[in-house]
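Here's the structure we're looking at; comments come further down.
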Amino acid sequence: MATYLQQLLNGVTLGSLYALIAIGYTMVYGILRLINFAHGDVVMWAGYWVFFLVVLFRLPWWLGALCAVVLTALMGVTIERVAYRPLREAPRISLLITAIGVSFLLENLIIVLPWAGGRQKSYPTPGLMTQIYTVGSVRVQGVTIWVPLIAAACLLGLIFLVYRTKVGRAMRAIATDIETTALMGADINRVISYTFLVGSALAAVGGILWGCRYPRLQWDLGIMPGWRAFTAAVIGGIGNIVGAMLGGFLLGLAEILIVAFLPGLSGFRDAFIFAILIFFLLFRPTGILGKPMKEKV
Amino acid sequence: MTRSNRILTFLFLLGLALFVWWGDKHSDQFVFLWRVLNFGAIYALAAVGYTVINGITGQFSLGPHGFMLLGGYLTTLFMLPMHQKKVVWLFTPLSWPFNQFTLPYSGFILALIAGGILAVLASLVVGIPALRALRGDYLAIATFGFGEILYVLACNFMGLTNGAMGVKGIPRYTNLAWSVGALAVLTYAAVRLKNSSYGRALRAIREDELAAESMGINVFRHKLLAFMFSAFCAGVAGGLMATLIGTITPDLFRFFMTFYLLMIIVLGGLGSISGAVVAGFIFAAIFEALRFVDTAVVPGMRMVVFAVLLILVMLFFRRGLFGREEFTWDWLWHGAKRAWRWAWAKMS
């Protein structure tokens, strides 16, 4: 019983991390119809910002993490401004190629930077996260409690932002029809910048918490979490924020259960993720919550 | 094609053949240059196939690294000498049928073609469902996922691939005759394909899929044809690369390989076969020329340069070198004439 509960908590932890990262994919796709290849690398950069600020500049952890969120969010906005906005009118594939370029740039910048480099760095984890709590016969680490709580707070804040504020209404309007929204007098560029700001900030929270859960930093850290989060976004119906959260939790739970109870298959874990992704793209491209789309001429 | 153009083409091929023969004979004197040319030809070969599906048909695939992996490993399994097979597969025995035989040098062409055919079969596995249902970025993700699945399988099926440790001691059969020869044959095939009725159908699909379909083009079958062709090119290129380097691991055929090919076809101009060939050689030259940056300055700097280059080309120079044009003698002729007139006007 205790093992089950523990694995369940692990699954929820991982799932909330995926949910945080998946939001960025799903919001950008909903608005720009772009699969932001660089999103996973933004997650990785958030971990490195904490490393730079806390280990190199000796900031207190909470301040370092806060600054890391701000810096990562600005990074996301800058990427959109420099690399994606000039291609707004171009074919969507050009946008995708540029996103792949940005992804490779972000990864290799880390390798090139003298303070980071290609080798593994250890992530500064605060004591709160490593502390062990004992409830009855269940022993849980701080991360498995704090990560879902922080994630839930962020996700609630996001839902408030999207459904109860003016910017959120503009985001939803753009996702429905970008041209009409522009005609209604909304500043498209500003709203898209906000979207990247919010998506990257959540990715940053995801990256920082990811570091607390798996305290090893490396340049390719963001790739697989990025793809799993993207798969979660597709499972939930891409463009759908609640769906992305749901998909993230489902995927996190499934992954932990497979690794815990069928350890022989864990080498094939990434293959399963992509198989699920391809399966959904082929047979249920709108996900479990999405509505079927009509082909437009 | 006029008669003088035909003579020019013949002379060009003759010159190329002589150069290849001479280059292979004196390869030990120009090791570096010889290697660059071989890599250039292999990249160009994979890029020609890649531009047929990405540029000409407009179906965005991100999976050529998976097809190169299949071609590379199958060619290796055919060509690796028996004693080397025993050394490499020390812990996990090599699976049947590859532990029974190995091909001599005379079977090299068979091994390359087999690699290409395996890639074509894999392209059917992914292409039949994916090309029917998906397009645009969803197709890109599905093909990318397929490539990654192949990578994971290559890491885990020890009996066929020796896992992440890779295979060493592959006989280095690839020389300019093989790499440039394969490039010439498959480029010729690609050009013929592009100029045939199939090629016109492919371009029609790129411009407007619904319109093409309503004109009676079987969209799915034409897409599949282009996809199979690109997979064959990638498979053969993978085989050539394995027998050029002499060592393969699954990591050799990861996503960055597709990134290189994407750079090549974007630089050459999406949809231009000659652009892919020229850019393939340019890429290999820059790649090797920048090797000193990696060793002398900072490792990884080369990839930063390439990533920035790709972004800049996409932002400011989306046409690439050739746009959608092809190199022809007439094109060269007109270009030279225009340049001459321009220079004349400047001088007087």
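Note on naming: chains are A, B, ... as they come in the structure tokens, residues start from 1 per chain, ligands start from 1 in the order shown.
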Do a neighbour search on region 60-65 of chain B at 7 Å with only C-alpha atoms, toss out local chain neighbours closer than 3 positions, and write the hits as a list in words.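 Near region 60-65 of chain B, the qualifying residues are Asn54, Met68, Leu69, Gly136, Asp137, Leu139, Ala140, Thr143, Phe144, Phe146, Gly147, Ala231, Ala234, Phe253, Arg254, Phe255, Met257 and Thr258 of chain B.
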Select residues of chain B: the criterion is any atom within 7 Å of an atom of chain A, counting only C-alpha atoms; output as a ChimeraX atom specification. /B:130,133,136,138,142,145,148-149,152,298-301,303-304,307-308,310-311,314-315
So that I can see what lies close to Gly222 (chain A), please list as a PDB file with N, CA and C atoms, in the first residue's frame the residues with an atom at most 6 Å from it, counting only C-alpha atoms and leaving out residues fewer than 5 positions away in the same chain.
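As written to disk, out_14.pdb reads:
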```
ATOM      1  N   GLY A  40      11.563  23.251 -24.939  1.00  0.00           N
ATOM      2  CA  GLY A  40      12.284  22.370 -24.016  1.00  0.00           C
ATOM      3  C   GLY A  40      13.624  22.954 -23.609  1.00  0.00           C
ATOM      4  N   ASP A  41      14.263  23.664 -24.525  1.00  0.00           N
ATOM      5  CA  ASP A  41      15.555  24.252 -24.199  1.00  0.00           C
ATOM      6  C   ASP A  41      15.408  25.476 -23.313  1.00  0.00           C
ATOM      7  N   VAL A  43      13.226  25.493 -20.943  1.00  0.00           N
ATOM      8  CA  VAL A  43      13.140  24.816 -19.647  1.00  0.00           C
ATOM      9  C   VAL A  43      14.535  24.559 -19.092  1.00  0.00           C
ATOM     10  N   MET A  44      15.408  24.044 -19.957  1.00  0.00           N
ATOM     11  CA  MET A  44      16.780  23.746 -19.551  1.00  0.00           C
ATOM     12  C   MET A  44      17.496  25.016 -19.097  1.00  0.00           C
TER      13      MET A  44
END
```
Pick out the residues sitting within 10 Å of Pro104 (chain B), and hand them over as a count of residues only; count only C-alpha atoms, and ignore anything fewer than 4 positions along from it in its own chain. 5
Surrounding residues of Trp89 (chain B) excluding itself and chain neighbours under 3 positions, 12 Å, only C-alpha atoms, as a PDB file with N, CA and C atoms, in the first residue's frame:
```
ATOM      1  N   LEU B  77      26.282  -4.459 -41.303  1.00  0.00           N
ATOM      2  CA  LEU B  77      26.068  -5.873 -41.004  1.00  0.00           C
ATOM      3  C   LEU B  77      26.442  -6.746 -42.191  1.00  0.00           C
ATOM      4  N   LEU B  80      30.809  -6.123 -42.618  1.00  0.00           N
ATOM      5  CA  LEU B  80      31.791  -6.320 -41.550  1.00  0.00           C
ATOM      6  C   LEU B  80      32.400  -7.720 -41.639  1.00  0.00           C
ATOM      7  N   MET B  82      34.014 -11.363 -40.757  1.00  0.00           N
ATOM      8  CA  MET B  82      33.584 -12.310 -39.731  1.00  0.00           C
ATOM      9  C   MET B  82      34.355 -12.142 -38.431  1.00  0.00           C
ATOM     10  N   HIS B  83      35.689 -12.015 -38.535  1.00  0.00           N
ATOM     11  CA  HIS B  83      36.477 -11.949 -37.293  1.00  0.00           C
ATOM     12  C   HIS B  83      36.135 -10.692 -36.514  1.00  0.00           C
ATOM     13  N   GLN B  84      35.856  -9.601 -37.247  1.00  0.00           N
ATOM     14  CA  GLN B  84      35.478  -8.360 -36.566  1.00  0.00           C
ATOM     15  C   GLN B  84      34.109  -8.494 -35.909  1.00  0.00           C
ATOM     16  N   LYS B  85      33.211  -9.251 -36.565  1.00  0.00           N
ATOM     17  CA  LYS B  85      31.896  -9.470 -35.958  1.00  0.00           C
ATOM     18  C   LYS B  85      32.044 -10.178 -34.628  1.00  0.00           C
ATOM     19  N   LYS B  86      32.981 -11.135 -34.555  1.00  0.00           N
ATOM     20  CA  LYS B  86      33.177 -11.846 -33.285  1.00  0.00           C
ATOM     21  C   LYS B  86      33.730 -10.912 -32.217  1.00  0.00           C
ATOM     22  N   THR B  92      26.917  -9.819 -26.247  1.00  0.00           N
ATOM     23  CA  THR B  92      25.648 -10.304 -26.781  1.00  0.00           C
ATOM     24  C   THR B  92      25.957 -10.881 -28.157  1.00  0.00           C
ATOM     25  N   PRO B  93      25.639 -12.139 -28.399  1.00  0.00           N
ATOM     26  CA  PRO B  93      25.965 -12.683 -29.719  1.00  0.00           C
ATOM     27  C   PRO B  93      25.156 -12.006 -30.814  1.00  0.00           C
ATOM     28  N   LEU B  94      25.764 -11.931 -31.984  1.00  0.00           N
ATOM     29  CA  LEU B  94      25.108 -11.332 -33.135  1.00  0.00           C
ATOM     30  C   LEU B  94      23.973 -12.231 -33.606  1.00  0.00           C
ATOM     31  N   SER B  95      22.853 -11.601 -33.962  1.00  0.00           N
ATOM     32  CA  SER B  95      21.681 -12.388 -34.341  1.00  0.00           C
ATOM     33  C   SER B  95      21.885 -13.072 -35.690  1.00  0.00           C
ATOM     34  N   PHE B  98      23.004 -12.637 -39.686  1.00  0.00           N
ATOM     35  CA  PHE B  98      24.232 -11.883 -39.945  1.00  0.00           C
ATOM     36  C   PHE B  98      25.461 -12.537 -39.337  1.00  0.00           C
ATOM     37  N   ASN B  99      25.267 -13.511 -38.426  1.00  0.00           N
ATOM     38  CA  ASN B  99      26.434 -14.197 -37.888  1.00  0.00           C
ATOM     39  C   ASN B  99      26.888 -15.329 -38.805  1.00  0.00           C
ATOM     40  N   PHE B 157      18.538  -2.975 -29.159  1.00  0.00           N
ATOM     41  CA  PHE B 157      18.655  -4.290 -29.790  1.00  0.00           C
ATOM     42  C   PHE B 157      20.128  -4.644 -29.951  1.00  0.00           C
ATOM     43  N   MET B 158      20.712  -5.099 -28.835  1.00  0.00           N
ATOM     44  CA  MET B 158      22.143  -5.361 -28.808  1.00  0.00           C
ATOM     45  C   MET B 158      22.551  -6.373 -29.876  1.00  0.00           C
ATOM     46  N   GLY B 159      21.713  -7.375 -30.108  1.00  0.00           N
ATOM     47  CA  GLY B 159      22.069  -8.458 -31.016  1.00  0.00           C
ATOM     48  C   GLY B 159      22.246  -8.000 -32.450  1.00  0.00           C
ATOM     49  N   LEU B 160      21.693  -6.852 -32.806  1.00  0.00           N
ATOM     50  CA  LEU B 160      21.848  -6.364 -34.174  1.00  0.00           C
ATOM     51  C   LEU B 160      22.783  -5.170 -34.260  1.00  0.00           C
ATOM     52  N   THR B 161      22.793  -4.350 -33.224  1.00  0.00           N
ATOM     53  CA  THR B 161      23.511  -3.081 -33.339  1.00  0.00           C
ATOM     54  C   THR B 161      24.643  -2.935 -32.339  1.00  0.00           C
ATOM     55  N   ASN B 162      24.756  -3.863 -31.397  1.00  0.00           N
ATOM     56  CA  ASN B 162      25.705  -3.748 -30.298  1.00  0.00           C
ATOM     57  C   ASN B 162      25.425  -2.511 -29.450  1.00  0.00           C
ATOM     58  N   GLY B 163      24.200  -2.017 -29.502  1.00  0.00           N
ATOM     59  CA  GLY B 163      23.765  -0.950 -28.601  1.00  0.00           C
ATOM     60  C   GLY B 163      24.559   0.334 -28.720  1.00  0.00           C
ATOM     61  N   MET B 165      27.354   1.112 -27.650  1.00  0.00           N
ATOM     62  CA  MET B 165      28.803   1.009 -27.859  1.00  0.00           C
ATOM     63  C   MET B 165      29.175   1.089 -29.333  1.00  0.00           C
ATOM     64  N   GLY B 166      28.224   0.748 -30.188  1.00  0.00           N
ATOM     65  CA  GLY B 166      28.467   0.901 -31.606  1.00  0.00           C
ATOM     66  C   GLY B 166      29.304  -0.218 -32.199  1.00  0.00           C
ATOM     67  N   VAL B 167      29.618  -0.075 -33.473  1.00  0.00           N
ATOM     68  CA  VAL B 167      30.372  -1.081 -34.210  1.00  0.00           C
ATOM     69  C   VAL B 167      31.663  -0.450 -34.698  1.00  0.00           C
ATOM     70  N   LYS B 168      32.768  -1.144 -34.452  1.00  0.00           N
ATOM     71  CA  LYS B 168      34.065  -0.631 -34.890  1.00  0.00           C
ATOM     72  C   LYS B 168      34.616  -1.507 -36.018  1.00  0.00           C
TER      73      LYS B 168
END
```
Please extract the residues of region 163-340 of chain B with a backbone DSSP assignment of helix (DSSP H, G or I) and present them as a ChimeraX atom specification. /B:163-165,176-195,197-207,209-214,219-245,250-253,255-268,273-289,291-297,301-316,329-340
For each of B:Phe322, B:Tyr151, B:Tyr173, B:Phe256, take the minimum atom-to-atom distance to Thr76 (chain B), counting only C-alpha atoms, then give the residue where this is smallest. B:Tyr173
Residue nearest Ile31 (chain A) among A:Ile235, A:Ala46, A:Val259, A:Ile192 (counting only C-alpha atoms): A:Ile192
When you look at Leu33 (chain B) with a cut-off of 12 Å (counting only C-alpha atoms), what residues show up, excluding the ones that are within fewer than 2 positions of it in the same chain? I need them as a PyMOL selection string. chain B and resi 23-24+26-31+35-40+176+281+284-285+288-289
Next, write the just-selected residues to a file, as a short mmCIF file (atom, residue, chain, number, x, y, z; two decimals), in the first residue's frame, keeping N, CA and C atoms as the atom set.
```
data_model
loop_
_atom_site.label_atom_id
_atom_site.label_comp_id
_atom_site.auth_asym_id
_atom_site.auth_seq_id
_atom_site.Cartn_x
_atom_site.Cartn_y
_atom_site.Cartn_z
N GLY B 23 41.57 11.58 -58.08
CA GLY B 23 41.49 11.87 -56.65
C GLY B 23 41.63 10.62 -55.81
N ASP B 24 40.99 9.52 -56.24
CA ASP B 24 41.10 8.28 -55.47
C ASP B 24 42.50 7.71 -55.53
N HIS B 26 45.28 9.39 -55.77
CA HIS B 26 46.21 10.17 -54.96
C HIS B 26 45.61 10.57 -53.63
N SER B 27 44.68 9.76 -53.13
CA SER B 27 43.96 10.18 -51.93
C SER B 27 44.90 10.35 -50.75
N ASP B 28 46.02 9.60 -50.71
CA ASP B 28 46.91 9.69 -49.56
C ASP B 28 47.67 11.01 -49.53
N GLN B 29 47.67 11.75 -50.66
CA GLN B 29 48.37 13.04 -50.67
C GLN B 29 47.48 14.18 -50.20
N PHE B 30 46.17 14.00 -50.40
CA PHE B 30 45.25 15.07 -50.00
C PHE B 30 44.21 14.50 -49.05
N VAL B 31 44.66 13.92 -47.95
CA VAL B 31 43.74 13.20 -47.07
C VAL B 31 42.57 14.08 -46.66
N ARG B 35 38.67 13.66 -47.82
CA ARG B 35 37.64 13.37 -46.83
C ARG B 35 36.49 14.37 -46.94
N VAL B 36 36.84 15.65 -47.10
CA VAL B 36 35.81 16.68 -47.23
C VAL B 36 34.93 16.40 -48.44
N LEU B 37 35.57 16.03 -49.56
CA LEU B 37 34.79 15.77 -50.77
C LEU B 37 33.88 14.57 -50.58
N ASN B 38 34.38 13.54 -49.91
CA ASN B 38 33.54 12.37 -49.66
C ASN B 38 32.34 12.72 -48.80
N PHE B 39 32.61 13.46 -47.71
CA PHE B 39 31.50 13.87 -46.84
C PHE B 39 30.52 14.74 -47.62
N GLY B 40 31.08 15.65 -48.42
CA GLY B 40 30.23 16.54 -49.20
C GLY B 40 29.30 15.75 -50.10
N LEU B 176 35.85 8.28 -53.49
CA LEU B 176 35.13 9.25 -54.33
C LEU B 176 34.33 8.54 -55.42
N PHE B 281 28.18 20.25 -50.64
CA PHE B 281 29.64 20.38 -50.64
C PHE B 281 30.08 21.60 -49.84
N ALA B 284 29.90 20.71 -46.18
CA ALA B 284 31.00 19.85 -45.73
C ALA B 284 32.28 20.65 -45.61
N ALA B 285 32.51 21.58 -46.55
CA ALA B 285 33.73 22.39 -46.51
C ALA B 285 33.74 23.27 -45.26
N GLU B 288 34.24 21.20 -42.04
CA GLU B 288 35.62 20.79 -41.75
C GLU B 288 36.51 22.00 -41.49
N ALA B 289 36.22 23.11 -42.20
CA ALA B 289 37.04 24.30 -41.99
C ALA B 289 36.87 24.85 -40.59
#
```
